[in-house]
Amino acid sequence: MKISDAYVIVTSPGRNFVTLKIVTESGTYGIGDATLNGREMAVVAYLEEHVIPALIGRDASRIEDIWHYLYRGAYWRRGPVTMSAIAAVDLALWDIKAKAADMPLYQLLGGKSRERVMTYAHCTGKDIESCLEEVETHVGLGYRAVRVQAGIPGIPTIYGVAKREGERYEPADSDLPAEHVWSTEKYLNHVPKLFAAVRERFGDEIHLLHDVHHRLTPIEAARLGKAVEPYHLFWLEDCVPAENQESFRLIRQHTTTPLAVGEVFNSIHDYRELLENQWIDYIRTPLSHGGGITHVRRIADLAGLYHVRTGFHGPTDLSPVCLGAAIHFDTWVPNFGIQEHMPHTEETDAVFPHDYRFEDGHFLVGEAPGHGVDIDEELAKQYPYKRASLPVNRLEDGTLWHW
Ligand SMILES: O=C(O)C(=O)C[C@H](O)[C@H](O)CO
Ligand SMILES: [Mg+2]
C-alpha cells in the first residue's frame with residue numbers, strides 16, 4: 001500500500017475548504033479535511049512544502065508510524081497549523097485503511113456503540129422573539145437539542161447572529177477582519193432572560209446549549225453559569241479563553257452548569273489539567289484540528305476516565321469530510337455526548353458527495369467503505385479560493401478583546 005501521490009485541493013463553494021487527497025499504488029485513495037478557518041493557506045503551504053514530499057513512497061497502512069513521523073519528526077510540536085495538516089493526513093489514511101478492509105470506518109474503530117448520533121442545531125435571532133421562532137422551526141425539524149444565541153440590546157453585531165434576517169450566519173465574512181464591539185455587562189444582563197423565555201415557551205424536555213465564545217473572565221463566567229442554573233443547560237461553551245486551564249477551578253466552584261471547552265485546542269496536553277481535575281464536562285476538538293482520529297481518540301479515552309463526553313465542533317467551516325469522519329467516530333466512541341450540526345450549503349454538499357444522513361434530530365452513519373465522503377474535483381475547480389477573515393472584537397472603549 002505504497003503512497004504514490006498526494007495533493008491539496010482548495011475550493012470555495014460558498015466558503016473556503018482545504019482537502020488533502022492521498023493516492024496509493026493500487027489506486028485506492030483517501031481524503032482528509034485540512035480547513036483552518038481564516039488561515040487556510042498556511043495549512044496548504046505546510047502540507048505542500050513539508051508534508052507531501054515526505055509522504056511519497058511510505059506505506060499507507062502504517063498510520064501510527066506516519067502520525068509520529070509527522071509530529072515528533074517536525075521537531076516543532078502542536079499548534080493549529082501543524083495539527084490540522086497532520087489531521088488531514090491521518091483522516092485520509094484511515095479512509096484508505098477502511099476502504100482496503102472493505103469496511104465503514106466505524107467498524108474499524110471498534111463497531112457501533114449506538115444506532116444514531118444526537119446533534120444540536122444553531123438557533124439565532126436578532127432578539128429573543130426571533131430566536132424563539134428559530135427554536136420552534138428546529139424543534140419542528142426533529143432536533144432534540146438547540147444552541148440558542150440572540151442579539152444583545154446595545155451591541156450592534158453579536159457572535160452567532162446573522163447580519164440580516166433570513167441570511168446564514170458566516171463568521172469569516174470579509175476580506176480583512178471586520179471590527180465588532182463588545183459589552184460584558186449588557187451581555188450578562190440579557191442572557192438569563194433569553195433562557196427564561198425559551199424554557200417558558202418550550203418546557204423542560206429540549207436540550208439547550210449556549211456559546212460564550214471566550215468573552216468572559218472566570219468570575220464573570222461563574223456569575224453566568226449560576227444565573228442560568230434554573231434553565232438547566234446541556235452546556236455552556238467556551239465561557240473563558242482557556243489557555244489558563246486553572247481558571248476553570250474558580251468557575252467550577254461556583255456553578256453546576258455543565259461546561260464544554262476545546263474547539264480551539266489541538267492537543268491532549270491542552271486538556272490535561274481540565275480533565276484530571278474534573279473541571280469540564282465535554283471536549284470539543286474536531287478531528288480535523290486535533291491531529292485526526294489517531295490523536296483525538298486518545299483525548300476521548302483520557303476524557304472517559306473522568307466522565308467527560310465528546311461534543312465535537314461542527315460548524316460549516318469544517319468540511320463534510322471532517323463531519324463524515326466525525327459521525328463514524330461518534331457512532332463508535334463509548335463516551336459520546338452530542339455532535340454540533342450547522343448544515344452545509346447545497347453547493348458544498350455537491351462538491352463533497354457523502355453517505356451520512358440527517359433524520360429526526362440525529363445523524364445516521366453510512367455503510368460505504370471508508371469515511372463515506374468523496375470530493376468532486378472537477379466541480380471543486382469551479383469555486384476558486386477567496387480570502388476571508390474572522391472578525392476582531394473591541395470593548396466599547398476600543399480595547400482589543402476576545403472574539
Ligand atoms: O460552532 C461553534 O461553536 C463556533 O464557535 C464556531 C466558530 O466561531 C467558528 O468555527 C470559527 O471559525
Ligand atoms: Mg463555539
# chains A, B, ... in the order shown; residues from 1 in each chain; ligands from 1
$ residues_near_ligand --ligand "ligand 2" --cutoff "12 Å" --atoms "only C-alpha atoms and all ligand atoms" --output "PyMOL selection string"
chain A and resi 122+147-149+159-160+171+209-215+235-241+259-265+283-286+311-317+340-342+403
$ write_last_selection --atoms "N, CA and C atoms" --output "CSV table (one decimal), in the first residue's frame"
chain,number,residue,atom,x,y,z
A,122,HIS,N,-28.1,25.3,15.4
A,122,HIS,CA,-28.0,26.7,15.9
A,122,HIS,C,-29.3,27.4,15.7
A,147,ARG,N,-28.8,25.1,20.1
A,147,ARG,CA,-27.9,26.2,20.7
A,147,ARG,C,-28.6,27.5,20.5
A,148,VAL,N,-28.7,28.2,21.5
A,148,VAL,CA,-29.5,29.5,21.5
A,148,VAL,C,-28.6,30.7,21.7
A,149,GLN,N,-28.6,31.6,20.7
A,149,GLN,CA,-27.8,32.8,20.7
A,149,GLN,C,-28.7,33.9,20.2
A,159,TYR,N,-21.8,37.7,18.1
A,159,TYR,CA,-21.4,36.3,17.6
A,159,TYR,C,-22.6,35.4,17.4
A,160,GLY,N,-22.6,34.7,16.3
A,160,GLY,CA,-23.6,33.7,16.1
A,160,GLY,C,-24.9,34.2,15.5
A,171,PRO,N,-19.1,33.6,10.0
A,171,PRO,CA,-18.2,34.4,10.8
A,171,PRO,C,-17.1,35.0,9.9
A,209,LEU,N,-28.2,24.7,24.7
A,209,LEU,CA,-26.8,25.0,24.8
A,209,LEU,C,-26.5,26.5,24.5
A,210,HIS,N,-25.4,26.9,24.9
A,210,HIS,CA,-25.0,28.3,24.6
A,210,HIS,C,-23.5,28.5,24.5
A,211,ASP,N,-23.1,29.3,23.5
A,211,ASP,CA,-21.7,29.5,23.3
A,211,ASP,C,-21.3,30.9,23.7
A,212,VAL,N,-20.4,31.1,24.7
A,212,VAL,CA,-20.0,32.4,25.2
A,212,VAL,C,-18.9,32.9,24.2
A,213,HIS,N,-18.2,32.0,23.5
A,213,HIS,CA,-17.2,32.3,22.6
A,213,HIS,C,-16.0,33.1,23.2
A,214,HIS,N,-15.6,32.6,24.4
A,214,HIS,CA,-14.3,33.0,25.1
A,214,HIS,C,-14.4,34.5,25.6
A,215,ARG,N,-15.5,35.1,25.9
A,215,ARG,CA,-15.5,36.5,26.1
A,215,ARG,C,-15.5,37.0,27.6
A,235,TRP,N,-25.0,22.5,28.0
A,235,TRP,CA,-23.7,23.0,28.3
A,235,TRP,C,-23.6,24.5,28.1
A,236,LEU,N,-22.6,25.1,28.7
A,236,LEU,CA,-22.2,26.5,28.5
A,236,LEU,C,-20.8,26.3,27.9
A,237,GLU,N,-20.6,26.9,26.7
A,237,GLU,CA,-19.4,26.6,25.9
A,237,GLU,C,-18.4,27.7,25.9
A,238,ASP,N,-17.1,27.4,26.0
A,238,ASP,CA,-16.0,28.4,25.9
A,238,ASP,C,-16.3,29.6,26.7
A,239,CYS,N,-16.6,29.5,28.0
A,239,CYS,CA,-17.0,30.7,28.8
A,239,CYS,C,-15.8,31.6,29.0
A,240,VAL,N,-14.6,31.1,29.0
A,240,VAL,CA,-13.4,32.0,29.1
A,240,VAL,C,-12.4,31.5,28.1
A,241,PRO,N,-11.4,32.4,27.7
A,241,PRO,CA,-10.3,31.8,26.9
A,241,PRO,C,-9.6,30.8,27.8
A,259,LEU,N,-19.9,22.4,31.5
A,259,LEU,CA,-19.0,23.2,30.7
A,259,LEU,C,-18.4,22.4,29.6
A,260,ALA,N,-18.4,23.1,28.4
A,260,ALA,CA,-17.8,22.5,27.2
A,260,ALA,C,-16.6,23.4,26.8
A,261,VAL,N,-15.5,22.8,26.4
A,261,VAL,CA,-14.3,23.5,26.0
A,261,VAL,C,-13.5,22.8,24.9
A,262,GLY,N,-12.8,23.5,24.1
A,262,GLY,CA,-11.8,22.9,23.3
A,262,GLY,C,-11.9,23.0,21.8
A,263,GLU,N,-12.8,23.8,21.2
A,263,GLU,CA,-12.8,23.9,19.8
A,263,GLU,C,-11.6,24.5,19.2
A,264,VAL,N,-10.8,25.3,20.0
A,264,VAL,CA,-9.6,25.8,19.5
A,264,VAL,C,-8.4,25.0,20.1
A,265,PHE,N,-8.6,24.0,20.8
A,265,PHE,CA,-7.5,23.1,21.3
A,265,PHE,C,-7.1,22.2,20.1
A,283,ILE,N,-15.6,17.7,25.7
A,283,ILE,CA,-14.4,18.1,24.9
A,283,ILE,C,-14.9,18.4,23.5
A,284,ARG,N,-14.3,19.4,22.8
A,284,ARG,CA,-14.9,19.9,21.6
A,284,ARG,C,-13.9,19.8,20.4
A,285,THR,N,-12.7,19.4,20.6
A,285,THR,CA,-11.7,19.4,19.5
A,285,THR,C,-12.2,18.6,18.3
A,286,PRO,N,-12.3,19.2,17.1
A,286,PRO,CA,-12.7,18.4,16.0
A,286,PRO,C,-11.6,17.5,15.5
A,311,GLY,N,-18.3,16.3,22.4
A,311,GLY,CA,-19.3,17.2,21.8
A,311,GLY,C,-18.6,17.9,20.7
A,312,PHE,N,-18.3,17.2,19.6
A,312,PHE,CA,-17.4,17.8,18.6
A,312,PHE,C,-17.9,19.0,17.9
A,313,HIS,N,-17.0,20.0,17.7
A,313,HIS,CA,-17.2,21.2,17.0
A,313,HIS,C,-17.7,20.8,15.6
A,314,GLY,N,-18.7,21.4,15.0
A,314,GLY,CA,-19.2,21.0,13.7
A,314,GLY,C,-19.8,22.2,12.9
A,315,PRO,N,-19.1,23.3,12.9
A,315,PRO,CA,-19.7,24.5,12.1
A,315,PRO,C,-19.4,24.2,10.6
A,316,THR,N,-20.0,25.2,9.8
A,316,THR,CA,-19.8,25.0,8.4
A,316,THR,C,-18.3,25.2,7.9
A,317,ASP,N,-17.5,25.7,8.8
A,317,ASP,CA,-16.1,25.9,8.3
A,317,ASP,C,-15.3,24.6,8.5
A,340,GLU,N,-22.2,18.8,17.1
A,340,GLU,CA,-22.7,20.0,16.5
A,340,GLU,C,-23.1,19.8,15.0
A,341,HIS,N,-24.2,20.5,14.6
A,341,HIS,CA,-24.6,20.4,13.2
A,341,HIS,C,-25.0,21.8,12.7
A,342,MET,N,-24.2,22.3,11.8
A,342,MET,CA,-24.6,23.5,11.0
A,342,MET,C,-24.7,23.1,9.6
A,403,TRP,N,-12.6,37.6,20.5
A,403,TRP,CA,-13.8,37.4,19.6
A,403,TRP,C,-14.4,36.1,19.8
$ residues_around --residues "stretch 132-141 of chain A" --least-positions-apart "4" --cutoff "7 Å" --atoms "only C-alpha atoms" --output "list in words"
Cys123, Thr124, Ile128, Val198 and Asp360 of chain A
$ closest_residue --among "A:Leu274, A:Ala6, A:Val89, A:Met41" --to "A:Ser247" --atoms "only C-alpha atoms"
A:Leu274
$ residues_around --residues "A:Ala222" --least-positions-apart "5" --cutoff "8 Å" --atoms "only C-alpha atoms" --output "list of chain:residue names"
A:Leu250, A:Ile251, A:Arg252, A:His254, A:Thr255
$ closest_residue --among "A:Ile3, A:Ala87, A:Val10, A:Leu20" --to "A:Ala60" --atoms "only C-alpha atoms"
A:Ile3
$ select_by_dssp --residues "stretch 262-313 of chain A" --states "alpha helix (DSSP H)" --output "PyMOL selection string"
chain A and resi 272-276+292-305
$ write_last_selection --atoms "N, CA, C and O atoms" --output "PDB file, in the first residue's frame"
ATOM      1  N   ARG A 272      -5.118  18.480  29.778  1.00  0.00           N
ATOM      2  CA  ARG A 272      -4.734  17.593  30.887  1.00  0.00           C
ATOM      3  C   ARG A 272      -5.268  18.043  32.246  1.00  0.00           C
ATOM      4  O   ARG A 272      -5.928  17.276  32.931  1.00  0.00           O
ATOM      5  N   GLU A 273      -4.996  19.299  32.611  1.00  0.00           N
ATOM      6  CA  GLU A 273      -5.462  19.748  33.937  1.00  0.00           C
ATOM      7  C   GLU A 273      -6.987  19.809  33.995  1.00  0.00           C
ATOM      8  O   GLU A 273      -7.591  19.488  35.013  1.00  0.00           O
ATOM      9  N   LEU A 274      -7.589  20.227  32.888  1.00  0.00           N
ATOM     10  CA  LEU A 274      -9.061  20.331  32.856  1.00  0.00           C
ATOM     11  C   LEU A 274      -9.700  18.981  33.136  1.00  0.00           C
ATOM     12  O   LEU A 274     -10.691  18.878  33.858  1.00  0.00           O
ATOM     13  N   LEU A 275      -9.132  17.931  32.554  1.00  0.00           N
ATOM     14  CA  LEU A 275      -9.718  16.602  32.723  1.00  0.00           C
ATOM     15  C   LEU A 275      -9.353  16.014  34.078  1.00  0.00           C
ATOM     16  O   LEU A 275     -10.228  15.545  34.813  1.00  0.00           O
ATOM     17  N   GLU A 276      -8.082  16.070  34.419  1.00  0.00           N
ATOM     18  CA  GLU A 276      -7.652  15.422  35.667  1.00  0.00           C
ATOM     19  C   GLU A 276      -8.323  16.043  36.892  1.00  0.00           C
ATOM     20  O   GLU A 276      -8.523  15.380  37.894  1.00  0.00           O
ATOM     21  N   GLY A 292      -6.356  14.425  13.898  1.00  0.00           N
ATOM     22  CA  GLY A 292      -7.081  13.295  13.296  1.00  0.00           C
ATOM     23  C   GLY A 292      -7.555  12.277  14.315  1.00  0.00           C
ATOM     24  O   GLY A 292      -7.527  12.501  15.528  1.00  0.00           O
ATOM     25  N   ILE A 293      -7.984  11.130  13.788  1.00  0.00           N
ATOM     26  CA  ILE A 293      -8.558  10.074  14.633  1.00  0.00           C
ATOM     27  C   ILE A 293      -7.506   9.541  15.609  1.00  0.00           C
ATOM     28  O   ILE A 293      -7.784   9.305  16.791  1.00  0.00           O
ATOM     29  N   THR A 294      -6.290   9.380  15.124  1.00  0.00           N
ATOM     30  CA  THR A 294      -5.225   8.788  15.943  1.00  0.00           C
ATOM     31  C   THR A 294      -5.014   9.557  17.239  1.00  0.00           C
ATOM     32  O   THR A 294      -4.821   8.956  18.303  1.00  0.00           O
ATOM     33  N   HIS A 295      -5.076  10.878  17.185  1.00  0.00           N
ATOM     34  CA  HIS A 295      -4.842  11.664  18.403  1.00  0.00           C
ATOM     35  C   HIS A 295      -6.134  11.937  19.177  1.00  0.00           C
ATOM     36  O   HIS A 295      -6.151  11.825  20.408  1.00  0.00           O
ATOM     37  N   VAL A 296      -7.215  12.273  18.477  1.00  0.00           N
ATOM     38  CA  VAL A 296      -8.447  12.644  19.192  1.00  0.00           C
ATOM     39  C   VAL A 296      -9.008  11.444  19.954  1.00  0.00           C
ATOM     40  O   VAL A 296      -9.610  11.597  21.014  1.00  0.00           O
ATOM     41  N   ARG A 297      -8.761  10.237  19.463  1.00  0.00           N
ATOM     42  CA  ARG A 297      -9.299   9.115  20.254  1.00  0.00           C
ATOM     43  C   ARG A 297      -8.523   8.946  21.558  1.00  0.00           C
ATOM     44  O   ARG A 297      -9.068   8.456  22.534  1.00  0.00           O
ATOM     45  N   ARG A 298      -7.272   9.405  21.589  1.00  0.00           N
ATOM     46  CA  ARG A 298      -6.538   9.381  22.874  1.00  0.00           C
ATOM     47  C   ARG A 298      -7.126  10.409  23.827  1.00  0.00           C
ATOM     48  O   ARG A 298      -7.238  10.169  25.022  1.00  0.00           O
ATOM     49  N   ILE A 299      -7.511  11.569  23.279  1.00  0.00           N
ATOM     50  CA  ILE A 299      -8.129  12.591  24.145  1.00  0.00           C
ATOM     51  C   ILE A 299      -9.463  12.049  24.681  1.00  0.00           C
ATOM     52  O   ILE A 299      -9.774  12.189  25.863  1.00  0.00           O
ATOM     53  N   ALA A 300     -10.239  11.419  23.804  1.00  0.00           N
ATOM     54  CA  ALA A 300     -11.554  10.894  24.220  1.00  0.00           C
ATOM     55  C   ALA A 300     -11.386   9.818  25.297  1.00  0.00           C
ATOM     56  O   ALA A 300     -12.165   9.759  26.248  1.00  0.00           O
ATOM     57  N   ASP A 301     -10.362   8.981  25.150  1.00  0.00           N
ATOM     58  CA  ASP A 301     -10.133   7.939  26.158  1.00  0.00           C
ATOM     59  C   ASP A 301      -9.751   8.548  27.509  1.00  0.00           C
ATOM     60  O   ASP A 301     -10.244   8.113  28.555  1.00  0.00           O
ATOM     61  N   LEU A 302      -8.872   9.555  27.474  1.00  0.00           N
ATOM     62  CA  LEU A 302      -8.495  10.225  28.720  1.00  0.00           C
ATOM     63  C   LEU A 302      -9.733  10.863  29.353  1.00  0.00           C
ATOM     64  O   LEU A 302      -9.976  10.727  30.555  1.00  0.00           O
ATOM     65  N   ALA A 303     -10.547  11.531  28.513  1.00  0.00           N
ATOM     66  CA  ALA A 303     -11.768  12.189  28.999  1.00  0.00           C
ATOM     67  C   ALA A 303     -12.702  11.177  29.662  1.00  0.00           C
ATOM     68  O   ALA A 303     -13.296  11.451  30.709  1.00  0.00           O
ATOM     69  N   GLY A 304     -12.788   9.991  29.064  1.00  0.00           N
ATOM     70  CA  GLY A 304     -13.691   8.955  29.570  1.00  0.00           C
ATOM     71  C   GLY A 304     -13.382   8.564  31.013  1.00  0.00           C
ATOM     72  O   GLY A 304     -14.285   8.219  31.774  1.00  0.00           O
ATOM     73  N   LEU A 305     -12.109   8.640  31.388  1.00  0.00           N
ATOM     74  CA  LEU A 305     -11.738   8.287  32.778  1.00  0.00           C
ATOM     75  C   LEU A 305     -12.416   9.202  33.777  1.00  0.00           C
ATOM     76  O   LEU A 305     -12.609   8.852  34.930  1.00  0.00           O
TER      77      LEU A 305
END
$ closest_residue --among "A:Trp182, A:Tyr282, A:Tyr231, A:Tyr29" --to "A:Phe195" --atoms "only C-alpha atoms"
A:Tyr231
$ closest_residue --among "A:Thr35, A:Thr184, A:Gln107, A:Ser4" --to "ligand 1" --atoms "only C-alpha atoms and all ligand atoms"
A:Thr35
$ residues_around --residues "A:Tyr385" --least-positions-apart "2" --cutoff "9 Å" --atoms "only C-alpha atoms" --output "number ranges by chain"
A: 10-13, 15-17, 383, 387
$ closest_residue --among "A:Ile96, A:Gly291, A:Glu367, A:Val18" --to "A:Pro384" --atoms "only C-alpha atoms"
A:Val18
$ select_by_dssp --residues "stretch 106-332 of chain A" --states "strand (DSSP E or B)" --output "ChimeraX atom specification"
/A:117-125,145-150,174,179-182,207-211,235-237,259-261,282-283,309-312
$ write_last_selection --atoms "N, CA, C and O atoms" --output "compact mmCIF listing (two decimals), in the first residue's frame"
# COMPACT_ATOMS: atom_id res chain seq x y z
N VAL A 117 -26.70 9.32 16.15
CA VAL A 117 -25.84 10.33 16.77
C VAL A 117 -26.66 11.61 17.00
O VAL A 117 -27.09 12.25 16.04
N MET A 118 -26.89 11.96 18.26
CA MET A 118 -27.69 13.16 18.53
C MET A 118 -26.92 14.43 18.13
O MET A 118 -25.73 14.55 18.42
N THR A 119 -27.60 15.34 17.46
CA THR A 119 -26.95 16.58 17.03
C THR A 119 -27.67 17.78 17.63
O THR A 119 -28.84 17.68 18.01
N TYR A 120 -26.96 18.91 17.68
CA TYR A 120 -27.66 20.14 18.05
C TYR A 120 -27.54 21.15 16.92
O TYR A 120 -26.56 21.21 16.20
N ALA A 121 -28.61 21.92 16.78
CA ALA A 121 -28.69 22.93 15.71
C ALA A 121 -28.46 24.32 16.30
O ALA A 121 -28.59 24.51 17.51
N HIS A 122 -28.15 25.26 15.44
CA HIS A 122 -27.98 26.66 15.86
C HIS A 122 -29.31 27.40 15.71
O HIS A 122 -29.89 27.43 14.62
N CYS A 123 -29.78 28.02 16.77
CA CYS A 123 -30.96 28.87 16.69
C CYS A 123 -30.55 30.27 17.09
O CYS A 123 -30.14 30.50 18.23
N THR A 124 -30.63 31.19 16.15
CA THR A 124 -30.17 32.54 16.43
C THR A 124 -31.22 33.52 15.96
O THR A 124 -31.98 33.25 15.03
N GLY A 125 -31.24 34.68 16.60
CA GLY A 125 -32.18 35.71 16.17
C GLY A 125 -31.69 37.06 16.63
O GLY A 125 -30.90 37.14 17.58
N ALA A 145 -31.97 19.02 20.58
CA ALA A 145 -31.04 19.92 21.25
C ALA A 145 -30.80 21.13 20.36
O ALA A 145 -30.62 20.98 19.16
N VAL A 146 -30.80 22.32 20.96
CA VAL A 146 -30.55 23.54 20.17
C VAL A 146 -29.61 24.46 20.92
O VAL A 146 -29.66 24.58 22.15
N ARG A 147 -28.75 25.12 20.13
CA ARG A 147 -27.87 26.15 20.67
C ARG A 147 -28.58 27.48 20.47
O ARG A 147 -29.00 27.81 19.36
N VAL A 148 -28.72 28.24 21.55
CA VAL A 148 -29.52 29.46 21.48
C VAL A 148 -28.62 30.69 21.66
O VAL A 148 -27.92 30.81 22.67
N GLN A 149 -28.61 31.57 20.67
CA GLN A 149 -27.83 32.82 20.71
C GLN A 149 -28.73 33.94 20.19
O GLN A 149 -29.29 33.80 19.09
N ALA A 150 -28.87 35.02 20.94
CA ALA A 150 -29.70 36.13 20.45
C ALA A 150 -28.92 37.44 20.48
O ALA A 150 -27.94 37.57 21.22
N SER A 174 -15.44 38.80 5.73
CA SER A 174 -14.84 39.91 4.96
C SER A 174 -13.38 39.61 4.65
O SER A 174 -12.75 38.78 5.32
N GLU A 179 -14.55 44.70 12.41
CA GLU A 179 -14.36 45.08 13.82
C GLU A 179 -15.72 45.09 14.52
O GLU A 179 -16.63 45.80 14.11
N HIS A 180 -15.85 44.28 15.57
CA HIS A 180 -17.09 44.23 16.34
C HIS A 180 -16.88 44.91 17.70
O HIS A 180 -15.75 45.14 18.11
N VAL A 181 -18.01 45.21 18.36
CA VAL A 181 -17.93 45.86 19.68
C VAL A 181 -18.56 44.95 20.72
O VAL A 181 -19.54 44.26 20.44
N TRP A 182 -18.00 44.94 21.91
CA TRP A 182 -18.45 44.03 22.95
C TRP A 182 -18.68 44.73 24.28
O TRP A 182 -17.87 45.58 24.67
N HIS A 207 -32.97 19.98 24.98
CA HIS A 207 -31.64 20.35 25.49
C HIS A 207 -31.27 21.74 24.98
O HIS A 207 -31.37 22.01 23.78
N LEU A 208 -30.76 22.58 25.88
CA LEU A 208 -30.35 23.94 25.49
C LEU A 208 -28.85 24.12 25.70
O LEU A 208 -28.31 23.72 26.74
N LEU A 209 -28.21 24.73 24.69
CA LEU A 209 -26.77 24.98 24.75
C LEU A 209 -26.53 26.46 24.48
O LEU A 209 -27.37 27.13 23.86
N HIS A 210 -25.37 26.95 24.93
CA HIS A 210 -25.03 28.35 24.64
C HIS A 210 -23.51 28.49 24.53
O HIS A 210 -22.77 27.88 25.29
N ASP A 211 -23.09 29.30 23.55
CA ASP A 211 -21.66 29.52 23.30
C ASP A 211 -21.28 30.95 23.70
O ASP A 211 -21.76 31.91 23.10
N TRP A 235 -25.03 22.49 28.04
CA TRP A 235 -23.69 23.02 28.32
C TRP A 235 -23.62 24.51 28.08
O TRP A 235 -24.42 25.09 27.35
N LEU A 236 -22.60 25.09 28.74
CA LEU A 236 -22.16 26.46 28.49
C LEU A 236 -20.77 26.30 27.87
O LEU A 236 -19.90 25.66 28.46
N GLU A 237 -20.61 26.88 26.67
CA GLU A 237 -19.40 26.59 25.90
C GLU A 237 -18.40 27.74 25.94
O GLU A 237 -18.80 28.91 25.84
N LEU A 259 -19.94 22.37 31.51
CA LEU A 259 -19.03 23.22 30.73
C LEU A 259 -18.42 22.44 29.58
O LEU A 259 -17.97 21.30 29.75
N ALA A 260 -18.39 23.07 28.40
CA ALA A 260 -17.76 22.47 27.21
C ALA A 260 -16.61 23.37 26.77
O ALA A 260 -16.75 24.60 26.78
N VAL A 261 -15.49 22.75 26.39
CA VAL A 261 -14.30 23.51 26.03
C VAL A 261 -13.55 22.77 24.92
O VAL A 261 -13.59 21.54 24.84
N TYR A 282 -17.43 18.39 28.66
CA TYR A 282 -17.43 17.99 27.23
C TYR A 282 -16.15 18.50 26.57
O TYR A 282 -15.71 19.62 26.84
N ILE A 283 -15.59 17.66 25.67
CA ILE A 283 -14.43 18.06 24.87
C ILE A 283 -14.90 18.37 23.45
O ILE A 283 -15.77 17.68 22.92
N ARG A 309 -17.52 13.69 28.25
CA ARG A 309 -18.00 13.15 26.98
C ARG A 309 -17.61 14.04 25.80
O ARG A 309 -17.18 15.18 25.98
N THR A 310 -17.79 13.50 24.60
CA THR A 310 -17.44 14.26 23.40
C THR A 310 -18.61 15.16 22.99
O THR A 310 -19.78 14.81 23.19
N GLY A 311 -18.27 16.27 22.38
CA GLY A 311 -19.28 17.18 21.81
C GLY A 311 -18.58 17.94 20.71
O GLY A 311 -18.31 19.13 20.83
N PHE A 312 -18.28 17.24 19.62
CA PHE A 312 -17.37 17.80 18.62
C PHE A 312 -17.90 19.04 17.94
O PHE A 312 -19.08 19.13 17.60
$ residues_around --residues "A:Trp94" --least-positions-apart "5" --cutoff "12 Å" --atoms "only C-alpha atoms" --output "VMD selection string"
chain A and resid 22 28 to 32 60 to 64 66 to 67 87 to 89 99 to 109 287 292 to 294 325 328 to 329 369 to 372
$ closest_residue --among "A:Val308, A:Leu36, A:Ala162, A:Leu55" --to "A:Asn277" --atoms "only C-alpha atoms"
A:Val308
$ residues_around --residues "A:Asp173" --least-positions-apart "3" --cutoff "7 Å" --atoms "only C-alpha atoms" --output "PDB file with C-alpha atoms, in the first residue's frame"
ATOM      1  CA  GLU A 170     -20.937  33.217   8.427  1.00  0.00           C
ATOM      2  CA  ALA A 388     -11.987  35.537   4.151  1.00  0.00           C
ATOM      3  CA  SER A 389     -11.116  36.642   7.702  1.00  0.00           C
ATOM      4  CA  LEU A 390     -12.731  36.152  11.090  1.00  0.00           C
TER       5      LEU A 390
END
$ residues_around --residues "A:Leu47" --least-positions-apart "6" --cutoff "9 Å" --atoms "only C-alpha atoms" --output "VMD selection string"
chain A and resid 7 to 8 20 53 82 85 to 86 89
